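Participant: Provided below: data10.cif, containing mmCIF, C-alpha atoms.
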```cif
data_final
loop_
_atom_site.label_atom_id
_atom_site.label_comp_id
_atom_site.auth_asym_id
_atom_site.auth_seq_id
_atom_site.Cartn_x
_atom_site.Cartn_y
_atom_site.Cartn_z
CA MET A 1148 0.00 0.00 0.00
CA GLY A 1149 2.36 2.63 -1.13
CA GLY A 1150 5.11 1.57 1.35
CA ARG A 1151 8.67 2.22 0.35
CA ARG A 1152 10.81 -0.68 -0.60
CA VAL A 1153 13.94 -1.17 1.45
CA SER A 1154 16.84 -0.93 -0.89
CA ARG A 1155 19.16 -3.94 -0.70
CA PRO A 1156 22.70 -4.05 -1.92
CA PRO A 1157 22.90 -5.54 -5.37
CA VAL A 1158 23.72 -9.26 -5.41
CA THR A 1159 26.71 -9.66 -7.64
CA PRO A 1160 28.17 -12.99 -8.82
CA PHE A 1161 31.32 -12.10 -6.84
CA SER A 1162 29.50 -11.78 -3.48
CA ARG A 1163 27.61 -15.02 -4.14
CA LEU A 1164 30.90 -16.77 -4.85
CA SER A 1165 32.54 -15.41 -1.72
CA ARG A 1166 29.60 -16.67 0.39
CA GLN A 1167 30.07 -20.11 -1.11
CA ALA A 1168 33.81 -19.95 -0.50
CA ALA A 1169 33.23 -18.93 3.11
CA PHE A 1170 30.82 -21.84 3.55
CA ALA A 1171 33.39 -24.24 2.12
CA VAL A 1172 36.10 -22.88 4.44
CA LEU A 1173 33.79 -23.24 7.45
CA LEU A 1174 32.92 -26.80 6.44
CA VAL A 1175 36.59 -27.78 6.12
CA ALA A 1176 37.38 -26.04 9.42
CA ALA A 1177 34.57 -27.95 11.15
CA LEU A 1178 35.84 -31.28 9.80
CA ALA A 1179 39.42 -30.45 10.82
CA THR A 1180 38.26 -29.46 14.33
CA GLY A 1181 36.38 -32.73 14.67
CA ARG A 1182 39.45 -34.68 13.62
CA ALA A 1183 41.66 -32.75 16.08
CA VAL A 1184 39.23 -33.31 18.96
CA GLU A 1185 39.10 -37.02 18.15
CA GLY A 1186 42.91 -37.12 18.31
CA LEU A 1187 42.93 -35.42 21.72
CA MET A 1188 40.47 -37.89 23.27
CA PRO A 1189 41.87 -40.71 25.47
CA ALA A 1190 43.33 -43.45 23.32
CA GLU A 1191 40.49 -45.56 22.04
CA THR A 1192 42.61 -48.69 22.28
CA GLU A 1193 43.09 -48.19 26.02
CA ALA A 1194 39.43 -47.44 26.67
CA SER A 1195 38.33 -50.55 24.84
CA ALA A 1196 41.11 -52.91 25.97
CA PRO A 1197 40.04 -56.44 26.96
CA PHE A 1198 39.80 -57.41 30.65
CA GLU A 1199 42.71 -59.75 31.31
CA ARG A 1200 41.80 -62.48 33.81
CA ALA A 1201 45.18 -63.70 35.04
CA GLY A 1202 46.12 -67.09 36.42
CA SER A 1203 48.88 -69.66 36.45
CA LEU A 1204 49.48 -73.33 35.73
CA GLY A 1205 46.94 -75.55 37.55
CA GLU A 1206 44.75 -72.62 38.60
CA PRO A 1207 41.20 -72.21 37.22
CA VAL A 1208 40.73 -68.81 35.58
CA GLU A 1209 37.14 -67.55 35.63
CA THR A 1210 35.93 -65.44 32.70
CA ARG A 1211 32.56 -64.19 31.48
CA TRP A 1212 32.36 -67.03 28.99
CA GLY A 1213 33.74 -69.91 31.05
CA THR A 1214 36.63 -71.34 33.02
CA VAL A 1215 40.11 -72.01 31.64
CA GLU A 1216 42.60 -74.21 33.45
CA VAL A 1217 46.04 -75.13 32.12
CA THR A 1218 46.85 -78.64 33.27
CA ALA A 1219 50.25 -79.38 31.67
CA VAL A 1220 52.96 -77.83 29.48
CA GLN A 1221 55.52 -79.73 27.41
CA GLY A 1222 57.93 -78.83 24.63
CA SER A 1223 60.19 -80.17 21.90
CA THR A 1224 61.29 -79.38 18.37
CA ARG A 1225 58.83 -82.03 17.12
CA ILE A 1226 55.16 -82.80 17.60
CA VAL A 1227 52.73 -85.47 16.41
CA ASP A 1228 49.04 -84.62 16.16
CA SER A 1229 46.13 -86.94 16.93
CA LEU A 1230 46.13 -88.15 13.29
CA GLY A 1231 49.79 -89.14 13.49
CA THR A 1232 51.11 -86.27 11.35
CA GLY A 1233 54.50 -85.04 12.47
CA ARG A 1234 55.86 -81.52 12.35
CA ILE A 1235 59.36 -80.17 12.87
CA SER A 1236 60.12 -76.64 14.05
CA ALA A 1237 63.26 -74.61 13.60
CA GLY A 1238 62.42 -73.17 17.00
CA VAL A 1239 60.46 -74.89 19.73
CA TYR A 1240 56.97 -76.35 19.90
CA VAL A 1241 55.20 -75.51 23.16
CA VAL A 1242 52.35 -77.96 23.79
CA VAL A 1243 49.74 -76.86 26.32
CA ASP A 1244 47.05 -79.17 27.73
CA TRP A 1245 44.12 -77.25 29.17
CA THR A 1246 40.50 -77.59 30.14
CA TYR A 1247 37.63 -75.32 29.19
CA THR A 1248 34.25 -75.32 30.89
CA ALA A 1249 31.64 -73.20 29.13
CA ALA A 1250 29.44 -70.83 31.14
CA GLY A 1251 25.78 -70.26 30.41
CA GLU A 1252 25.52 -71.54 26.84
CA PRO A 1253 27.33 -73.85 24.42
CA GLN A 1254 30.48 -72.08 23.19
CA ILE A 1255 34.21 -72.59 22.61
CA PRO A 1256 37.18 -70.22 22.53
CA SER A 1257 38.35 -69.67 18.94
CA TYR A 1258 41.46 -67.67 19.81
CA VAL A 1259 44.40 -69.38 21.49
CA ALA A 1260 47.87 -67.87 21.42
CA ILE A 1261 51.12 -67.69 23.35
CA ARG A 1262 52.40 -64.25 24.33
CA ASP A 1263 56.03 -63.84 25.30
CA GLY A 1264 57.68 -61.37 27.64
CA ASP A 1265 58.39 -58.94 24.80
CA GLY A 1266 54.73 -58.80 23.76
CA ARG A 1267 55.16 -60.98 20.68
CA VAL A 1268 52.05 -63.03 19.95
CA PHE A 1269 52.17 -66.53 18.46
CA ARG A 1270 48.80 -67.82 17.30
CA THR A 1271 47.47 -71.26 16.56
CA SER A 1272 46.59 -72.20 12.97
CA SER A 1273 45.18 -75.14 11.08
CA GLU A 1274 48.39 -76.79 9.90
CA ARG A 1275 51.60 -75.71 11.62
CA ASN A 1276 50.16 -74.84 15.04
CA PRO A 1277 47.36 -77.32 15.65
CA TYR A 1278 44.37 -76.54 17.86
CA ASP A 1279 41.31 -78.74 17.47
CA SER A 1280 38.49 -77.27 19.58
CA GLY A 1281 35.97 -80.02 18.88
CA GLY A 1282 33.20 -77.47 18.38
CA GLU A 1283 31.05 -75.79 20.99
CA ALA A 1284 31.30 -77.26 24.49
CA GLN A 1285 28.15 -77.76 26.55
CA PRO A 1286 28.05 -75.59 29.68
CA GLY A 1287 29.21 -77.33 32.81
CA ILE A 1288 30.97 -80.19 31.00
CA PRO A 1289 34.76 -79.79 30.96
CA ARG A 1290 36.35 -80.02 27.49
CA ARG A 1291 39.95 -81.28 27.52
CA LEU A 1292 41.97 -79.54 24.83
CA ALA A 1293 45.53 -79.27 23.58
CA VAL A 1294 47.36 -76.70 21.49
CA ALA A 1295 50.84 -76.69 19.99
CA VAL A 1296 52.48 -73.43 18.99
CA GLU A 1297 55.92 -73.04 17.45
CA LEU A 1298 58.00 -70.10 18.55
CA PRO A 1299 61.65 -69.09 18.88
CA ALA A 1300 63.40 -70.55 21.93
CA ASP A 1301 63.95 -67.05 23.35
CA ALA A 1302 60.16 -66.65 23.65
CA VAL A 1303 59.70 -69.62 25.99
CA ALA A 1304 60.76 -68.17 29.36
CA GLY A 1305 57.90 -66.17 30.86
CA ALA A 1306 55.42 -67.15 28.16
CA HIS A 1307 51.67 -66.86 28.81
CA LEU A 1308 48.76 -68.68 27.19
CA VAL A 1309 46.08 -66.24 25.98
CA VAL A 1310 42.56 -67.58 25.40
CA ALA A 1311 39.61 -65.57 24.06
CA LEU A 1312 36.21 -66.32 22.60
CA PRO A 1313 36.30 -64.54 19.19
CA ASP A 1314 38.86 -65.57 16.60
CA ASN A 1315 39.65 -61.98 15.56
CA ASP A 1316 41.75 -60.22 18.20
CA GLU A 1317 40.10 -56.93 17.23
CA ASP A 1318 36.90 -58.38 18.71
CA HIS A 1319 38.40 -58.92 22.17
CA ARG A 1320 37.61 -55.30 23.03
CA ARG A 1321 35.77 -54.83 26.34
CA ASP A 1322 35.54 -58.60 26.82
CA ASP A 1323 37.27 -61.04 29.16
CA ILE A 1324 40.37 -62.89 28.00
CA ALA A 1325 42.19 -65.53 30.04
CA VAL A 1326 45.94 -64.98 30.45
CA VAL A 1327 47.75 -67.89 32.07
CA ASP A 1328 51.39 -67.83 33.18
CA LEU A 1329 52.85 -71.12 31.96
CA GLY A 1330 55.69 -70.93 34.51
CA LEU A 1331 58.42 -71.56 31.93
CA THR A 1332 62.13 -70.81 32.35
CA GLN A 1333 65.32 -70.58 30.28
CA ASP A 1334 66.10 -74.15 31.34
CA ASP A 1335 62.85 -75.33 29.75
CA ALA A 1336 63.72 -73.43 26.57
CA GLY A 1337 67.19 -74.99 26.36
CA ALA A 1338 65.97 -78.52 27.03
CA TRP A 1339 63.11 -78.30 24.54
CA ALA A 1340 65.25 -76.73 21.81
CA ALA A 1341 67.59 -79.74 22.08
CA SER A 1342 64.81 -82.35 22.19
CA GLU A 1343 63.91 -84.35 19.10
CA GLU A 1344 61.38 -86.52 20.94
CA PRO A 1345 57.93 -85.79 19.44
CA VAL A 1346 55.30 -84.51 21.86
CA GLU A 1347 51.80 -85.78 21.20
CA VAL A 1348 49.08 -83.18 20.70
CA ALA A 1349 45.89 -84.82 21.91
CA GLY A 1350 42.50 -84.35 20.27
CA PRO A 1351 39.58 -82.81 22.17
CA ALA A 1352 37.58 -84.89 24.66
CA ASP A 1353 34.70 -84.16 27.01
CA GLY A 1354 34.49 -84.96 30.70
CA PRO A 1355 37.04 -84.91 33.50
CA ASP A 1356 40.44 -86.45 32.88
CA ALA A 1357 40.19 -90.14 33.86
CA GLU A 1358 43.92 -90.22 34.64
CA ALA A 1359 43.69 -87.25 36.99
CA PRO A 1360 44.06 -88.14 40.68
CA MET B 1253 13.34 -7.12 -27.61
CA ALA B 1254 14.96 -5.60 -24.57
CA ASP B 1255 12.76 -7.71 -22.35
CA SER B 1256 13.59 -10.77 -24.38
CA GLY B 1257 17.32 -9.96 -24.13
CA GLY B 1258 16.98 -9.61 -20.34
CA ARG B 1259 15.35 -13.02 -20.09
CA LEU B 1260 18.11 -14.60 -22.13
CA ARG B 1261 20.76 -12.94 -19.95
CA ARG B 1262 19.07 -14.16 -16.76
CA LEU B 1263 18.77 -17.64 -18.27
CA ALA B 1264 22.46 -17.61 -19.17
CA GLN B 1265 23.41 -16.45 -15.65
CA GLY B 1266 21.17 -19.12 -14.08
CA THR B 1267 22.74 -21.82 -16.24
CA SER B 1268 26.26 -20.77 -15.29
CA ARG B 1269 25.26 -20.77 -11.60
CA GLN B 1270 23.90 -24.28 -11.99
CA HIS B 1271 27.14 -25.38 -13.63
CA LEU B 1272 29.10 -23.85 -10.77
CA THR B 1273 26.98 -25.71 -8.21
CA LEU B 1274 27.26 -28.94 -10.15
CA ALA B 1275 31.03 -28.54 -10.48
CA GLY B 1276 31.31 -27.84 -6.76
CA SER B 1277 29.26 -30.92 -5.89
CA ALA B 1278 31.35 -33.08 -8.21
CA ALA B 1279 34.58 -31.77 -6.68
CA GLY B 1280 33.22 -32.40 -3.19
CA ALA B 1281 32.19 -35.92 -4.09
CA ALA B 1282 35.64 -36.57 -5.56
CA VAL B 1283 37.38 -35.30 -2.39
CA LEU B 1284 35.03 -37.41 -0.25
CA ALA B 1285 35.72 -40.49 -2.35
CA VAL B 1286 39.48 -39.99 -1.99
CA LEU B 1287 39.14 -39.52 1.78
CA VAL B 1288 36.97 -42.63 2.17
CA ALA B 1289 39.40 -44.64 0.06
CA GLY B 1290 42.18 -43.87 2.51
CA GLY B 1291 43.52 -40.59 1.29
CA PHE B 1292 45.71 -39.44 -1.52
CA ASP B 1293 49.39 -40.06 -1.15
CA PRO B 1294 51.34 -37.73 -3.40
CA SER B 1295 54.54 -39.70 -2.71
CA GLU B 1296 53.01 -42.85 -4.15
CA THR B 1297 54.82 -43.89 -7.26
CA THR B 1298 54.11 -46.40 -9.93
CA ALA B 1299 55.52 -49.88 -9.83
CA ALA B 1300 57.67 -49.39 -12.91
CA GLU B 1301 59.64 -46.56 -11.27
CA GLU B 1302 60.48 -48.48 -8.08
CA LEU B 1303 60.93 -52.05 -9.29
CA ALA B 1304 64.33 -53.26 -8.13
CA PRO B 1305 66.29 -56.01 -9.90
CA LEU B 1306 66.14 -59.46 -8.33
CA ALA B 1307 68.52 -62.43 -8.50
CA ALA B 1308 69.08 -65.66 -6.60
CA GLY B 1309 70.64 -64.93 -3.23
CA ASP B 1310 68.97 -61.53 -2.86
CA THR B 1311 67.20 -60.58 0.36
CA VAL B 1312 64.19 -58.30 -0.01
CA ASP B 1313 61.93 -56.70 2.62
CA VAL B 1314 58.40 -56.99 1.22
CA GLY B 1315 56.73 -55.50 4.29
CA PRO B 1316 55.27 -58.34 6.36
CA PHE B 1317 58.25 -60.59 5.54
CA VAL B 1318 61.92 -60.53 4.72
CA VAL B 1319 62.43 -62.96 1.85
CA THR B 1320 65.73 -64.44 0.66
CA ILE B 1321 65.47 -66.11 -2.73
CA ASP B 1322 67.56 -69.25 -3.01
CA ARG B 1323 66.72 -71.12 -6.21
CA MET B 1324 63.94 -72.23 -8.53
CA ARG B 1325 63.33 -75.73 -9.73
CA VAL B 1326 60.84 -78.29 -10.95
CA VAL B 1327 59.69 -80.23 -7.90
CA ASP B 1328 60.75 -83.85 -7.82
CA GLU B 1329 61.10 -84.45 -4.11
CA LEU B 1330 59.27 -82.59 -1.43
CA PRO B 1331 57.25 -84.53 1.10
CA GLY B 1332 53.62 -83.47 1.14
CA VAL B 1333 53.79 -81.82 -2.29
CA SER B 1334 52.58 -83.54 -5.42
CA GLU B 1335 55.28 -83.87 -8.06
CA GLY B 1336 52.66 -83.33 -10.71
CA ASP B 1337 51.00 -85.81 -13.02
CA ASP B 1338 50.43 -86.23 -16.76
CA GLU B 1339 48.64 -82.89 -16.94
CA THR B 1340 50.64 -80.69 -14.59
CA ARG B 1341 54.08 -80.24 -13.13
CA VAL B 1342 55.04 -78.21 -10.07
CA LEU B 1343 57.48 -75.31 -10.16
CA ALA B 1344 58.93 -74.19 -6.84
CA VAL B 1345 60.90 -71.22 -5.59
CA VAL B 1346 62.96 -72.19 -2.57
CA ALA B 1347 63.31 -69.24 -0.22
CA THR B 1348 63.96 -68.32 3.38
CA VAL B 1349 61.30 -66.16 5.00
CA GLU B 1350 60.95 -64.39 8.31
CA ALA B 1351 58.05 -62.32 9.61
CA THR B 1352 58.99 -58.71 10.37
CA GLY B 1353 56.37 -57.83 13.00
CA THR B 1354 55.46 -59.05 16.49
CA LYS B 1355 52.36 -61.03 15.48
CA THR B 1356 51.68 -64.21 13.55
CA GLN B 1357 51.22 -63.55 9.83
CA HIS B 1358 48.86 -65.57 7.70
CA GLY B 1359 50.46 -67.88 5.15
CA TYR B 1360 48.27 -66.54 2.33
CA LEU B 1361 49.98 -63.17 2.70
CA LEU B 1362 53.31 -64.90 1.97
CA ASN B 1363 51.79 -66.63 -1.07
CA GLU B 1364 50.65 -63.24 -2.36
CA SER B 1365 54.16 -61.84 -1.90
CA LEU B 1366 55.78 -64.02 -4.58
CA ALA B 1367 54.44 -64.20 -8.11
CA LEU B 1368 55.55 -65.62 -11.45
CA ALA B 1369 55.07 -63.50 -14.56
CA GLY B 1370 54.90 -64.58 -18.17
CA VAL B 1371 55.55 -68.31 -17.64
CA PRO B 1372 53.62 -70.34 -20.25
CA GLY B 1373 51.16 -72.75 -18.62
CA VAL B 1374 51.06 -70.89 -15.28
CA PRO B 1375 48.46 -70.91 -13.89
CA SER B 1376 47.51 -74.38 -15.09
CA TYR B 1377 43.78 -73.60 -14.79
CA GLU B 1378 41.44 -71.01 -16.24
CA SER B 1379 39.19 -68.82 -14.13
CA PRO B 1380 35.61 -69.05 -15.43
CA GLY B 1381 34.41 -65.85 -17.04
CA ARG B 1382 37.75 -64.13 -16.81
CA THR B 1383 40.32 -63.47 -19.48
CA ARG B 1384 43.77 -63.34 -17.94
CA ASP B 1385 46.49 -61.04 -19.19
CA PRO B 1386 49.38 -63.46 -20.02
CA ASP B 1387 51.86 -61.02 -18.42
CA GLU B 1388 49.87 -60.66 -15.20
CA PRO B 1389 51.89 -62.04 -12.24
CA VAL B 1390 50.46 -65.24 -10.74
CA PRO B 1391 50.78 -65.51 -6.93
CA ALA B 1392 52.15 -68.73 -5.42
CA GLU B 1393 49.52 -71.38 -4.84
CA GLY B 1394 51.04 -72.57 -1.58
CA ALA B 1395 54.08 -72.54 0.70
CA TYR B 1396 55.53 -75.71 2.18
CA VAL B 1397 58.09 -76.00 4.96
CA MET B 1398 61.11 -77.85 3.58
CA ALA B 1399 61.87 -79.58 6.91
CA ASP B 1400 58.64 -81.58 7.03
CA GLY B 1401 56.54 -80.74 3.96
CA THR B 1402 53.69 -79.17 5.97
CA VAL B 1403 51.72 -76.18 4.69
CA LEU B 1404 53.07 -72.94 6.12
CA ASP B 1405 49.74 -71.38 7.05
CA ALA B 1406 51.14 -69.22 9.85
CA VAL B 1407 54.47 -67.42 9.92
CA GLN B 1408 55.54 -66.88 13.53
CA PRO B 1409 57.63 -63.82 14.42
CA GLY B 1410 61.29 -64.46 15.20
CA LEU B 1411 61.46 -67.76 13.29
CA GLU B 1412 63.19 -68.35 9.99
CA TYR B 1413 61.52 -70.81 7.62
CA GLU B 1414 63.03 -72.50 4.59
CA VAL B 1415 60.03 -72.91 2.31
CA ALA B 1416 59.09 -74.01 -1.17
CA LEU B 1417 56.55 -71.70 -2.81
CA VAL B 1418 54.82 -73.62 -5.53
CA TRP B 1419 52.93 -73.09 -8.78
CA GLU B 1420 51.28 -75.72 -10.97
CA GLN B 1421 52.26 -75.53 -14.62
CA ASP B 1422 50.30 -77.06 -17.47
CA ALA B 1423 52.45 -80.02 -18.59
CA ARG B 1424 51.73 -79.23 -22.25
CA ALA B 1425 53.97 -76.17 -21.86
CA ASP B 1426 57.73 -76.66 -21.84
CA VAL B 1427 59.78 -76.42 -18.67
CA PRO B 1428 61.06 -72.85 -18.81
CA ALA B 1429 64.83 -72.32 -18.81
CA ALA B 1430 64.21 -69.21 -16.71
CA ALA B 1431 61.18 -67.63 -15.09
CA ARG B 1432 60.44 -64.07 -14.05
CA LEU B 1433 59.81 -63.84 -10.30
CA VAL B 1434 58.05 -60.74 -8.99
CA LEU B 1435 58.16 -59.88 -5.28
CA VAL B 1436 55.04 -58.04 -4.18
CA GLY B 1437 55.26 -55.67 -1.23
CA HIS B 1438 52.50 -54.71 1.20
CA THR B 1439 52.16 -51.63 3.41
CA LEU B 1440 50.97 -51.67 7.03
CA ARG B 1441 48.25 -49.07 7.38
CA GLN B 1442 44.87 -48.54 8.94
CA SER B 1443 42.05 -49.94 6.88
CA SER B 1444 39.53 -47.27 5.96
CA ILE B 1445 36.75 -49.84 6.33
CA ASP B 1446 37.17 -51.09 9.90
CA HIS B 1447 40.16 -48.98 11.11
CA THR B 1448 42.31 -52.00 11.95
CA ASP B 1449 45.98 -52.09 11.00
CA GLU B 1450 46.46 -54.42 8.06
CA TRP B 1451 49.02 -55.17 5.38
CA LEU B 1452 47.42 -53.61 2.31
CA ASP B 1453 48.22 -52.07 -1.07
CA PRO B 1454 50.06 -54.89 -2.88
CA LEU B 1455 52.67 -53.41 -5.18
CA PRO B 1456 55.57 -55.10 -7.02
CA VAL B 1457 58.89 -54.11 -5.43
CA ALA B 1458 61.44 -56.30 -7.19
CA ALA B 1459 61.58 -58.61 -10.17
CA GLY B 1460 64.14 -60.72 -11.96
CA ASP B 1461 64.66 -63.83 -14.07
CA LEU B 1462 65.62 -66.98 -12.18
CA GLU B 1463 67.14 -70.05 -13.76
CA VAL B 1464 64.81 -73.05 -13.48
CA THR B 1465 66.54 -76.32 -12.62
CA ALA B 1466 64.91 -79.45 -14.02
CA PRO B 1467 65.08 -82.64 -11.92
CA GLU B 1468 67.94 -85.01 -12.57
CA PRO B 1469 66.93 -87.96 -14.77
CA ASP B 1470 66.46 -91.13 -12.75
CA GLU B 1471 69.71 -92.98 -12.21
CA PRO B 1472 69.78 -96.48 -13.69
CA ALA B 1473 68.74 -99.09 -11.17
CA GLU B 1474 71.50 -101.20 -9.74
CA SER B 1475 71.42 -104.87 -10.70
CA PRO B 1476 70.49 -107.25 -7.86
CA SER B 1477 73.90 -108.91 -8.07
CA GLY B 1478 75.63 -105.62 -7.54
CA GLY B 1479 76.85 -105.46 -11.15
CA GLY B 1480 79.93 -107.56 -10.44
CA SER B 1481 82.04 -104.44 -10.02
#
```
Take the structure in this file and express it as C-alpha cells.

Facilitator:
Amino acid sequence: MGGRRVSRPPVTPFSRLSRQAAFAVLLVAALATGRAVEGLMPAETEASAPFERAGSLGEPVETRWGTVEVTAVQGSTRIVDSLGTGRISAGVYVVVDWTYTAAGEPQIPSYVAIRDGDGRVFRTSSERNPYDSGGEAQPGIPRRLAVAVELPADAVAGAHLVVALPDNDEDHRRDDIAVVDLGLTQDDAGAWAASEEPVEVAGPADGPDAEAP
Amino acid sequence: MADSGGRLRRLAQGTSRQHLTLAGSAAGAAVLAVLVAGGFDPSETTAAEELAPLAAGDTVDVGPFVVTIDRMRVVDELPGVSEGDDETRVLAVVATVEATGTKTQHGYLLNESLALAGVPGVPSYESPGRTRDPDEPVPAEGAYVMADGTVLDAVQPGLEYEVALVWEQDARADVPAAARLVLVGHTLRQSSIDHTDEWLDPLPVAAGDLEVTAPEPDEPAESPSGGGS
C-alpha cells in the first residue's frame, strides 16, 4: 500500500561466490576441528582394551564365557598330532594341555595364542600350530583340549597362554580374556630346543580327565 | 526485444550458476571419495619406477616378511607336495622367509608376496568368465616347509623358515629355462573400512629372471647282483 521498498545491496556474482567460498572454508574447518578433537580424546585402544583375567598353571581362571585351566605344558622341536602327522620346528613347539568349561551356553574359545615377555604373539593355525576345539562345548561339562604353537626358543621363558572367545583379536575389546602364566624358564627353553622326541598333541575330549588323581 | 534480451541474460546467468553448483558438488564428491578410500598419497609412485632387480641370493623386505630367494626348480622331491601328473608339473621357488612384525602372519599373505610373470602354462587352470592377461603375475599357490613338507599357514615372528613356494604348470607347456619372479610388497596401514591395522596395497617391489633347474633324470637301477664291479 504505497510503502517504500527497502533498498538492498545488489547481489553480484562475486558476493555469491565469496559466500560459497566462506561456507566451504567453514565446512573444512569444522571437519578439521572434529578430527583434532578425536585425536585429543583418550586413546580408544586403552578405553576398549580387553579385561585380562590372570592365572597360572593348575589354577582355574574364571571369565565371562567360562573357566580355563592349564593342566600341563611340554615342549620339543617335534610334535605329532592326533592323526599321526609329524611336524618339525626350527624353534620350539610348546604344547599346552588345558580344560575349558563353558558358562551359560554352548560355546568354545576360537582364539588361542602364546604371548612372550616382549609382547610378541604366536597364534594357533590349522596346519603348523594345531588346535582342534571339537566345536562348541556344553556348559558345565569340561572339554579337555591341547594346542601346539611353534616359537623361537627365546620366547619360551615367561610365556603366557592367551585364550579368548572370538577368533579376531580386534573383537576382544571390552571382553574377558584368560591370560595364564605357563611358569616356563630358560632351562625349559634350552631342554626343549635340544629335544627331538615328538610330543603328542591330543585331540579334544569331554568330561574330567580319567587319569587325573 | 529488450525484455527478451533480459530473459536470455538471466537464463544464461542461471545456467552458469547451476554449472558452478554442479562442479562444486562433483569436486566435493571426488574429495570425499578420496578420503573414504584412505587418502591421496602424493609420494606414491608407480611400480615401474620403483621395481628393483632381483637375482638368486637376494634378500628383499616386502613389508610383512623378509624374503631371501635361493633357487627355482621343478619339484621332484618334497614330502607333502605332489610332483605333478600327466597334466601338470610343479614349479617351486625355494626361499627363506621371516616375519617382520610381532604377530603371527597368515600364510596366504606370503603366497601373495611371490608371483611368477609370463611363464607359459602358469596358472595351469582357467578362471571361469575371466580373461587373464598373459603377463599378469600369478601368486604362489602354496608354501611348504622344507623340513617336514607341511603347509606354512602361519608365519611366527622371530622364526626363519626354509620354504618351497609352488605353482602348478600345465604339462603341455615346456619347462622354462628361466622364469620371471616378482616380489610383491604390502604396506601396514589402517584400513579405511574397519580402522584396523592391516598389510594392504600390494605393489611389485622387485623382479628378476631366475634359472629353473629341471630334476635329474632317474639314475639307472642297480642290478640285484651288484653289477659284479

Participant: For this file, the PyMOL selection byres ((chain A) within 12 of (chain B)) selects which residues, as number ranges by chain?

Facilitator: A: 1159-1161, 1163-1164, 1167-1168, 1170-1171, 1174-1175, 1178, 1191-1192, 1224-1227, 1232-1240, 1259-1277, 1296-1302, 1315-1318

Participant: The PyMOL selection byres ((chain B and resi 1316) around 7) - which residues does that actually catch in the file I just gave you? List them as number ranges by chain.

Facilitator: B: 1314-1315, 1317, 1351-1353, 1438

Participant: Put those residues in a file: C-alpha atoms, as a PDB file, keeping the file's coordinate frame.

Facilitator:
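Generated output (selection_35.pdb):
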```pdb
ATOM      1  CA  VAL B1314      58.400 -56.990   1.220  1.00  0.00           C
ATOM      2  CA  GLY B1315      56.730 -55.500   4.290  1.00  0.00           C
ATOM      3  CA  PHE B1317      58.250 -60.590   5.540  1.00  0.00           C
ATOM      4  CA  ALA B1351      58.050 -62.320   9.610  1.00  0.00           C
ATOM      5  CA  THR B1352      58.990 -58.710  10.370  1.00  0.00           C
ATOM      6  CA  GLY B1353      56.370 -57.830  13.000  1.00  0.00           C
ATOM      7  CA  HIS B1438      52.500 -54.710   1.200  1.00  0.00           C
TER       8      HIS B1438
END
```

Participant: In Å to one decimal, how far is atom CA of Gly1373 of chain B from atom CA of Leu1303 of chain B?

Facilitator: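 Those two atoms sit 24.7 Å apart.
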
Participant: Using atom CA of Asp1313 of chain B and atom CA of Val1427 of chain B as the two end points, give the distance in Å to one decimal.

Facilitator: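 Computing it gives 29.1 Å between the two atoms.
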
Participant: Any chance you could tabulate, as CSV, the residues of segment 1261-1310 of chain A at most 10 Å from segment 1341-1354 of chain A with each one's nearest atom pair and distance in Å to one decimal, using all atoms listed in the file, in chain and rising number order?

Facilitator:
```
residue,atom,partner,partner_atom,distance
A:Pro1277,CA,A:Val1348,CA,7.9
A:Tyr1278,CA,A:Gly1350,CA,8.4
A:Asp1279,CA,A:Gly1350,CA,6.4
A:Ser1280,CA,A:Pro1351,CA,6.2
A:Gly1281,CA,A:Pro1351,CA,5.6
A:Gly1282,CA,A:Pro1351,CA,9.1
A:Ala1284,CA,A:Asp1353,CA,8.1
A:Gln1285,CA,A:Asp1353,CA,9.2
A:Gly1287,CA,A:Gly1354,CA,9.5
A:Ile1288,CA,A:Gly1354,CA,5.9
A:Pro1289,CA,A:Gly1354,CA,5.2
A:Arg1290,CA,A:Asp1353,CA,4.5
A:Arg1291,CA,A:Ala1352,CA,5.2
A:Leu1292,CA,A:Pro1351,CA,4.8
A:Ala1293,CA,A:Ala1349,CA,5.8
A:Val1294,CA,A:Val1348,CA,6.8
A:Ala1295,CA,A:Val1348,CA,6.8
```

Participant: Please dump the current selection as a PDB file, in the coordinates of the input; keep C-alpha atoms.

Facilitator:
```pdb
ATOM      1  CA  PRO A1277      47.360 -77.320  15.650  1.00  0.00           C
ATOM      2  CA  TYR A1278      44.370 -76.540  17.860  1.00  0.00           C
ATOM      3  CA  ASP A1279      41.310 -78.740  17.470  1.00  0.00           C
ATOM      4  CA  SER A1280      38.490 -77.270  19.580  1.00  0.00           C
ATOM      5  CA  GLY A1281      35.970 -80.020  18.880  1.00  0.00           C
ATOM      6  CA  GLY A1282      33.200 -77.470  18.380  1.00  0.00           C
ATOM      7  CA  ALA A1284      31.300 -77.260  24.490  1.00  0.00           C
ATOM      8  CA  GLN A1285      28.150 -77.760  26.550  1.00  0.00           C
ATOM      9  CA  GLY A1287      29.210 -77.330  32.810  1.00  0.00           C
ATOM     10  CA  ILE A1288      30.970 -80.190  31.000  1.00  0.00           C
ATOM     11  CA  PRO A1289      34.760 -79.790  30.960  1.00  0.00           C
ATOM     12  CA  ARG A1290      36.350 -80.020  27.490  1.00  0.00           C
ATOM     13  CA  ARG A1291      39.950 -81.280  27.520  1.00  0.00           C
ATOM     14  CA  LEU A1292      41.970 -79.540  24.830  1.00  0.00           C
ATOM     15  CA  ALA A1293      45.530 -79.270  23.580  1.00  0.00           C
ATOM     16  CA  VAL A1294      47.360 -76.700  21.490  1.00  0.00           C
ATOM     17  CA  ALA A1295      50.840 -76.690  19.990  1.00  0.00           C
TER      18      ALA A1295
END
```

Participant: How many Å lie between atom CA of Thr1246 of chain A and atom CA of His1319 of chain A, rounded to one decimal?

Facilitator: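 Those two atoms sit 20.4 Å apart.
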
Participant: Which residues are near Val1327 of chain B? Cut-off 8 Å, all atoms listed in the file, ignore same chain within fewer than 5 positions. Put them as a list in words.

Facilitator: Glu1335, Arg1341, Val1342, Leu1343, Ala1344 and Pro1467 of chain B

Participant: Filtering to C-alpha atoms, could you give me those residues as a PDB file, keeping the file's coordinate frame?

Facilitator:
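File produced: part-v1.pdb:
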```pdb
ATOM      1  CA  GLU B1335      55.280 -83.870  -8.060  1.00  0.00           C
ATOM      2  CA  ARG B1341      54.080 -80.240 -13.130  1.00  0.00           C
ATOM      3  CA  VAL B1342      55.040 -78.210 -10.070  1.00  0.00           C
ATOM      4  CA  LEU B1343      57.480 -75.310 -10.160  1.00  0.00           C
ATOM      5  CA  ALA B1344      58.930 -74.190  -6.840  1.00  0.00           C
ATOM      6  CA  PRO B1467      65.080 -82.640 -11.920  1.00  0.00           C
TER       7      PRO B1467
END
```
